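Each remark here refers to the structure printed beneath this line.
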Protein chains: 2
Amino acid sequence: MLIHSATQLLTLKGGPQRGRDLGSLGIIEDGAVLIRGEKIAAIGRSDELRASLPGEPSLDATGCVVMPGFVDPHTHLIWGGDRSAEFAMKMSGMHYLDILASGGGIISTVRATRTASIETLISQARPRLLRMFAHGTTTAEAKTGYGLQTATELRLLKALLVLDHESPMDISITFLGAHAIAPEYKDDPQGYTDLVSCTMLPIVRQWWEVHAPRLPLPFVDVFCEDKAFNLEQSRQILGAAGELGFPLKIHADEFDNIGGTSLAVELGAVSADHLVKTSGADIAALARSDTVAVSLPCTPFGLAEHEYTPAEKIIDAGGILALATDCNPGTAWNESMQFAIALACRYMKLTPAQAVAASTINAAHAIRRADRIGSIEEGKQADLLILSVPDYRHLGYRFGTNLVKQVVKHGRVYSVDVGYYRTA
Amino acid sequence: MLIHSATQLLTLKGGPQRGRDLGSLGIIEDGAVLIRGEKIAAIGRSDELRASLPGEPSLDATGCVVMPGFVDPHTHLIWGGDRSAEFAMKMSGMHYLDILASGGGIISTVRATRTASIETLISQARPRLLRMFAHGTTTAEAKTGYGLQTATELRLLKALLVLDHESPMDISITFLGAHAIAPEYKDDPQGYTDLVSCTMLPIVRQWWEVHAPRLPLPFVDVFCEDKAFNLEQSRQILGAAGELGFPLKIHADEFDNIGGTSLAVELGAVSADHLVKTSGADIAALARSDTVAVSLPCTPFGLAEHEYTPAEKIIDAGGILALATDCNPGTAWNESMQFAIALACRYMKLTPAQAVAASTINAAHAIRRADRIGSIEEGKQADLLILSVPDYRHLGYRFGTNLVKQVVKHGRVYSVDVGYYRTA
């Protein structure tokens, strides 16, 4: 199949895009992409490819932007329960501790997740995954972390494998048993740290070999913050994970700067995520490394806070910056990478071109899949988007809606355009 | 047709909701609405209405919220041209005057609008209207104002009448010849003020009687700011409009406080819109009046500014607060009232209940249609939404996506749910 006549074809060729190179879109005007099976077979100008391929089935992208599918490298896709009432309390000015006392906060999600069956968890996650896909995300990372006990964490892993298998979307799975201190251990955080590092991780390793023998190991992630796992506990968990062969990620510097980002670099983590309170020394460490800085602008927005990732400093230093939604029930229930881009342009002062690169090729690097996805290059997976706009800068410029018209995933075309039809 | 089993049916009965009454949703749990033709015929509990109406065709809203359609009382729906490149320049830190010099700013939209045919203007506005409808807006106000010359302003009025006629959406039309000083008059703002008040308004009055004899007169609006029409010029235009029988609106206090809001109250305007720099005296005047304060939170968001309408002060004083998108190409291209609600909860500290009332019944008051729309009451237009969520507080809590599953407009059901289907 030949997708042709794209007003702008963004290839995002090469990468990762570091520092001031961020935003190199590799635009071909009046561009075309040839798809063979699930792969990209050729890229070029429409007139040339059309002339050389008479009779090829075609998809006309006149007036549209064609670009790689978004890669969302940080989501908490799967959880139980409903915290919409808690949001209303927060906006009424109720204090965090009073919300906790009234049964809210992350532990309420943990409670609901533990009591939910795998069928319930899957059926609640499915519409979130559908929304992501309809908004142009073709590959998403998704974490466990609302179980905080071995059996539930394994149920979440299993649910994510099922969703990955049944959905057109590809899911990159992360084990986040260290998302918070489990309620049973609230007075013994070291005890829970030992449980994760000495018991859960070896069990997950074995479980994965049985349940997903053909897939690479999942990422292991830890929430490194004053109120969760301190630096030494984070080092213990990630160190144990590394010895077991897991690739590593970290939540760092969302509320406090306690050294998580530099730890991630030291341990060779694939990414360090959040990065709001990140210090100059941390940024310098990032810039010397291949650890991707994953910024989550939906989180400060969701909390109505005004401090975002110091993106310009990370870019100036030469770091690799990516964007993600952080989709989760506590701080940022948003499935759309387009909205993360709109925030990044406004509050992190990225250009639309930088934000697009941070949401595609660099985001693919943040989940170690840049060999297959994140750009439109010969031999890569045919994962791409047809936007209903003639200029990629409508991303960022416009907000609150969906500019994707069609999603191409593994070479198959799905229509997701906004619309309505009369039913009664 | 009976819509039944709504987890929450929000009636928004009564209104307008003033001051601390704002947020009275009139919730019926397990609620039902009976629709006969284009009107609402009965409201009640599902068990009672179902028992009394055996055999009635039904629509099951189990697990869903049913609520009035959103009313968007301030949009600039119709324009020509494309300013996405200008957005990228702004985010790169380019100064406003340099953008103007490079051909950007409102005058670039005026130039493109003047040269566009009515067919082009309509075909560009149509997808915006479709997005509004798909996001749950069942009635939208829409302004002229990118013509700034009589012929183009009339073409915009005509295009809006066509769109109102062809679309399931209802459009409430506003004449905004006084949107900016026309470029031909940049050194003679008083000359343009005279043109609007002495020439355009009488022409519009006559034109309307010919082209829309059965519709009430459109609103007349003016942009009252230091950089547009000063207080005396605004008074001249609105005064002339009032004498011709037009109902009035005003853009006031977006960037400067020069008295526009108090002028609106003095002249009995239906609404005063923007209201960011509004003074205590203006708020006191609003609170004693029936002039609706229409807040446009997408505009400071779009501009990455941090100052929003002082909503709490307006509520505390007893004013009538409404929300709108301000959908426009310069500062806020967003068609979704759901996103205006998400912003209002975060940056104006409205509760989701207050934001919902401000987007329905109070917004209907802001365009003088509260007798027909804005609430679910017997005899009103059957304009309502079925949301794919079990609690109305998902509005506000969630952002960046669309929670509407079905739109009921004039009693007809349209499916707009997020989704995808494979096409190749």
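Convention: chains lettered A, B, ... in structure tokens order; per-chain residue numbering from 1; ligands numbered from 1 as shown.
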- Compile the contact shell of Ile237 of chain A as a ChimeraX atom specification: residues with an atom at most 12 Å away, counting only C-alpha atoms, same-chain residues fewer than 3 positions apart removed. /A:175-179,190,192-202,220-224,229-234,240-244,246,248-250,263-264,267
- Task: Per DSSP on the backbone, filter segment 38-214 of chain B down to the residues in strand (DSSP E or B) and report them as a PyMOL selection string.
- Result: chain B and resi 39-45+58-60+65-68+70-72+137-143+170-178
Closest atom pairs, chain A residues within 8 Å of chain B, only C-alpha atoms, as a Markdown table:
```
| residue | atom | partner | partner_atom | distance |
| --- | --- | --- | --- | --- |
| A:Ser84 | CA | B:Arg393 | CA | 5.3 |
| A:Ala85 | CA | B:Arg393 | CA | 6.4 |
| A:Phe87 | CA | B:Tyr397 | CA | 5.8 |
| A:Ala88 | CA | B:Thr351 | CA | 5.9 |
| A:Met91 | CA | B:Lys349 | CA | 5.9 |
| A:Ser92 | CA | B:Thr351 | CA | 6.3 |
| A:Leu130 | CA | B:Gly419 | CA | 6.6 |
| A:Arg131 | CA | B:Val418 | CA | 6.6 |
| A:Ala134 | CA | B:Gly419 | CA | 6.2 |
| A:Gly302 | CA | B:Arg346 | CA | 7.7 |
| A:Leu303 | CA | B:Arg346 | CA | 7.5 |
| A:Ala304 | CA | B:Arg346 | CA | 5.3 |
| A:Ala332 | CA | B:Arg398 | CA | 7.2 |
| A:Trp333 | CA | B:Arg398 | CA | 5.1 |
| A:Asn334 | CA | B:Phe399 | CA | 5.5 |
| A:Glu335 | CA | B:Thr401 | CA | 7.1 |
| A:Ser336 | CA | B:Gly400 | CA | 6.2 |
| A:Phe339 | CA | B:Gly400 | CA | 5.6 |
| A:Cys345 | CA | B:Met91 | CA | 6.4 |
| A:Arg346 | CA | B:Ala304 | CA | 5.3 |
| A:Tyr347 | CA | B:Ala304 | CA | 6.7 |
| A:Lys349 | CA | B:Met91 | CA | 5.9 |
| A:Leu350 | CA | B:Met91 | CA | 7.0 |
| A:Thr351 | CA | B:Ala88 | CA | 5.9 |
| A:Pro352 | CA | B:Ala88 | CA | 6.3 |
| A:Asp391 | CA | B:Ser84 | CA | 7.2 |
| A:Arg393 | CA | B:Ser84 | CA | 5.3 |
| A:His394 | CA | B:Ser84 | CA | 5.4 |
| A:Tyr397 | CA | B:Phe87 | CA | 5.8 |
| A:Arg398 | CA | B:Trp333 | CA | 5.1 |
| A:Phe399 | CA | B:Asn334 | CA | 5.5 |
| A:Gly400 | CA | B:Gly400 | CA | 4.7 |
| A:Thr401 | CA | B:Thr401 | CA | 6.4 |
| A:Asn402 | CA | B:Thr401 | CA | 7.5 |
| A:Arg412 | CA | B:Ala424 | CA | 5.9 |
| A:Val413 | CA | B:Ala424 | CA | 5.1 |
| A:Tyr414 | CA | B:Arg422 | CA | 4.2 |
| A:Ser415 | CA | B:Tyr420 | CA | 5.4 |
| A:Val416 | CA | B:Tyr420 | CA | 4.6 |
| A:Val418 | CA | B:Arg131 | CA | 6.6 |
| A:Gly419 | CA | B:Val416 | CA | 6.0 |
| A:Tyr420 | CA | B:Val416 | CA | 4.6 |
| A:Tyr421 | CA | B:Tyr414 | CA | 5.2 |
| A:Arg422 | CA | B:Tyr414 | CA | 4.2 |
| A:Thr423 | CA | B:Val413 | CA | 5.5 |
| A:Ala424 | CA | B:Val413 | CA | 5.1 |
```
Dump N, CA and C atoms for the selected residues as a short mmCIF file (atom, residue, chain, number, x, y, z; two decimals), in the first residue's frame?
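Okay, this is what ended up in result_35.cif:
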```
data_model
loop_
_atom_site.label_atom_id
_atom_site.label_comp_id
_atom_site.auth_asym_id
_atom_site.auth_seq_id
_atom_site.Cartn_x
_atom_site.Cartn_y
_atom_site.Cartn_z
N SER A 84 -12.82 10.02 41.10
CA SER A 84 -13.34 11.31 40.64
C SER A 84 -13.84 12.18 41.80
N ALA A 85 -14.39 11.54 42.83
CA ALA A 85 -14.87 12.32 43.98
C ALA A 85 -13.70 12.97 44.71
N PHE A 87 -10.98 14.05 43.34
CA PHE A 87 -10.58 15.24 42.58
C PHE A 87 -11.40 16.46 43.00
N ALA A 88 -12.73 16.24 43.12
CA ALA A 88 -13.59 17.36 43.54
C ALA A 88 -13.19 17.86 44.92
N MET A 91 -10.03 19.99 44.59
CA MET A 91 -10.27 21.30 44.00
C MET A 91 -11.02 22.21 44.99
N SER A 92 -11.73 21.61 45.94
CA SER A 92 -12.38 22.42 46.99
C SER A 92 -11.38 22.84 48.05
N LEU A 130 -7.91 2.11 24.29
CA LEU A 130 -8.61 2.53 23.08
C LEU A 130 -8.46 4.03 22.86
N ARG A 131 -8.62 4.80 23.94
CA ARG A 131 -8.44 6.25 23.82
C ARG A 131 -7.02 6.61 23.40
N ALA A 134 -6.75 5.81 19.73
CA ALA A 134 -7.53 6.75 18.92
C ALA A 134 -6.86 8.13 18.86
N GLY A 302 -2.19 18.45 35.90
CA GLY A 302 -3.29 17.77 36.60
C GLY A 302 -3.42 18.25 38.03
N LEU A 303 -2.29 18.55 38.65
CA LEU A 303 -2.28 19.01 40.05
C LEU A 303 -2.41 20.53 40.16
N ALA A 304 -2.56 21.21 39.03
CA ALA A 304 -2.64 22.67 39.01
C ALA A 304 -1.40 23.30 39.63
N ALA A 332 -3.12 12.59 36.88
CA ALA A 332 -3.15 12.96 35.46
C ALA A 332 -3.87 11.90 34.65
N TRP A 333 -5.18 11.91 34.65
CA TRP A 333 -5.90 10.96 33.81
C TRP A 333 -6.10 11.57 32.43
N ASN A 334 -5.11 11.36 31.59
CA ASN A 334 -5.16 11.84 30.22
C ASN A 334 -4.46 10.82 29.36
N GLU A 335 -5.09 10.39 28.29
CA GLU A 335 -4.52 9.37 27.42
C GLU A 335 -3.85 9.95 26.18
N SER A 336 -3.88 11.27 25.99
CA SER A 336 -3.51 11.84 24.70
C SER A 336 -2.11 12.45 24.71
N PHE A 339 -2.03 16.14 23.93
CA PHE A 339 -2.16 17.13 25.00
C PHE A 339 -0.85 17.32 25.74
N CYS A 345 4.77 22.67 24.83
CA CYS A 345 5.01 23.90 24.07
C CYS A 345 4.78 25.13 24.94
N ARG A 346 3.74 25.08 25.76
CA ARG A 346 3.41 26.27 26.56
C ARG A 346 4.26 26.41 27.82
N TYR A 347 4.43 25.31 28.55
CA TYR A 347 5.04 25.44 29.88
C TYR A 347 6.47 24.97 29.96
N LYS A 349 8.28 25.42 26.95
CA LYS A 349 8.81 26.23 25.85
C LYS A 349 9.49 25.39 24.77
N LEU A 350 9.01 24.17 24.57
CA LEU A 350 9.47 23.42 23.40
C LEU A 350 8.80 24.00 22.17
N THR A 351 9.47 23.93 21.04
CA THR A 351 8.78 24.21 19.78
C THR A 351 7.95 22.97 19.44
N PRO A 352 6.93 23.13 18.58
CA PRO A 352 6.19 21.94 18.16
C PRO A 352 7.12 20.87 17.57
N ASP A 391 -0.33 21.05 8.48
CA ASP A 391 0.95 21.51 9.03
C ASP A 391 1.11 20.88 10.41
N ARG A 393 2.55 21.81 12.89
CA ARG A 393 2.49 22.74 14.02
C ARG A 393 1.09 22.93 14.59
N HIS A 394 0.07 22.34 13.91
CA HIS A 394 -1.24 22.28 14.58
C HIS A 394 -1.13 21.48 15.88
N TYR A 397 -0.25 23.90 18.89
CA TYR A 397 -1.10 25.07 18.67
C TYR A 397 -2.52 24.80 19.17
N ARG A 398 -3.09 23.69 18.76
CA ARG A 398 -4.46 23.35 19.14
C ARG A 398 -4.44 22.42 20.35
N PHE A 399 -5.50 22.44 21.13
CA PHE A 399 -5.50 21.62 22.34
C PHE A 399 -6.92 21.17 22.69
N GLY A 400 -7.00 20.08 23.46
CA GLY A 400 -8.29 19.64 23.98
C GLY A 400 -9.06 18.73 23.05
N THR A 401 -8.58 18.55 21.81
CA THR A 401 -9.28 17.68 20.87
C THR A 401 -8.28 16.72 20.23
N ASN A 402 -8.70 16.01 19.22
CA ASN A 402 -7.90 14.94 18.60
C ASN A 402 -7.72 15.26 17.12
N ARG A 412 -1.73 -1.94 9.14
CA ARG A 412 -3.18 -1.93 8.96
C ARG A 412 -3.71 -0.54 9.27
N VAL A 413 -4.76 -0.15 8.52
CA VAL A 413 -5.29 1.21 8.64
C VAL A 413 -6.54 1.21 9.52
N TYR A 414 -6.55 2.08 10.53
CA TYR A 414 -7.72 2.23 11.41
C TYR A 414 -8.19 3.68 11.32
N SER A 415 -9.48 3.87 11.10
CA SER A 415 -10.03 5.23 11.10
C SER A 415 -10.42 5.61 12.52
N VAL A 416 -10.01 6.78 12.95
CA VAL A 416 -10.33 7.23 14.31
C VAL A 416 -10.83 8.66 14.30
N VAL A 418 -12.67 12.19 14.33
CA VAL A 418 -13.81 12.74 15.05
C VAL A 418 -15.02 12.72 14.11
N GLY A 419 -16.17 12.44 14.68
CA GLY A 419 -17.36 12.42 13.85
C GLY A 419 -18.56 11.97 14.63
N TYR A 420 -19.68 11.89 13.96
CA TYR A 420 -20.88 11.39 14.61
C TYR A 420 -21.73 10.72 13.56
N TYR A 421 -22.56 9.84 13.99
CA TYR A 421 -23.54 9.29 13.07
C TYR A 421 -24.85 9.14 13.83
N ARG A 422 -25.93 9.37 13.13
CA ARG A 422 -27.25 9.33 13.74
C ARG A 422 -27.66 7.90 13.96
N THR A 423 -28.14 7.61 15.16
CA THR A 423 -28.46 6.22 15.46
C THR A 423 -29.93 6.02 15.80
N ALA A 424 -30.67 7.06 16.00
CA ALA A 424 -32.10 6.88 16.35
C ALA A 424 -32.85 8.15 16.00
#
```
- Task: For His4 of chain B, list every protein, DNA or RNA residue within 7 Å, evaluated using only C-alpha atoms, and leave out those in the same chain fewer than 4 positions away; present the list as a ChimeraX atom specification.
- Result: /B:31-33,46,59-61
- Query: What is the distance between atom CA of Ala287 of chain A and atom CA of Asp316 of chain A, in Å to one decimal?
  - Reply: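 One can read the atom CA of Ala287 of chain A to atom CA of Asp316 of chain A distance as 9.1 Å.
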Residues near Arg214 of chain B, cut-off 12 Å, only C-alpha atoms, skip fewer than 5 positions along chain, as a compact mmCIF listing (two decimals) with N, CA, C and O atoms, in the first residue's frame:
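File selection.txt, as written:
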```txt
# COMPACT_ATOMS: atom_id res chain seq x y z
N LEU B 161 -25.39 31.66 9.13
CA LEU B 161 -26.79 31.23 8.93
C LEU B 161 -26.84 29.89 8.20
O LEU B 161 -27.63 29.01 8.54
N TRP B 208 -30.44 41.61 7.95
CA TRP B 208 -31.00 40.52 8.76
C TRP B 208 -32.49 40.33 8.48
O TRP B 208 -32.98 39.21 8.40
N GLU B 209 -33.22 41.44 8.33
CA GLU B 209 -34.66 41.34 8.06
C GLU B 209 -34.94 40.64 6.74
O GLU B 209 -35.95 39.96 6.59
```
- Task: Tell me, as a PyMOL selection string, which residues lie within 6 Å of segment 148-159 of chain A, counting only C-alpha atoms; anything in the same chain fewer than 6 positions away does not count.
- Result: chain A and resi 114+122+177+182
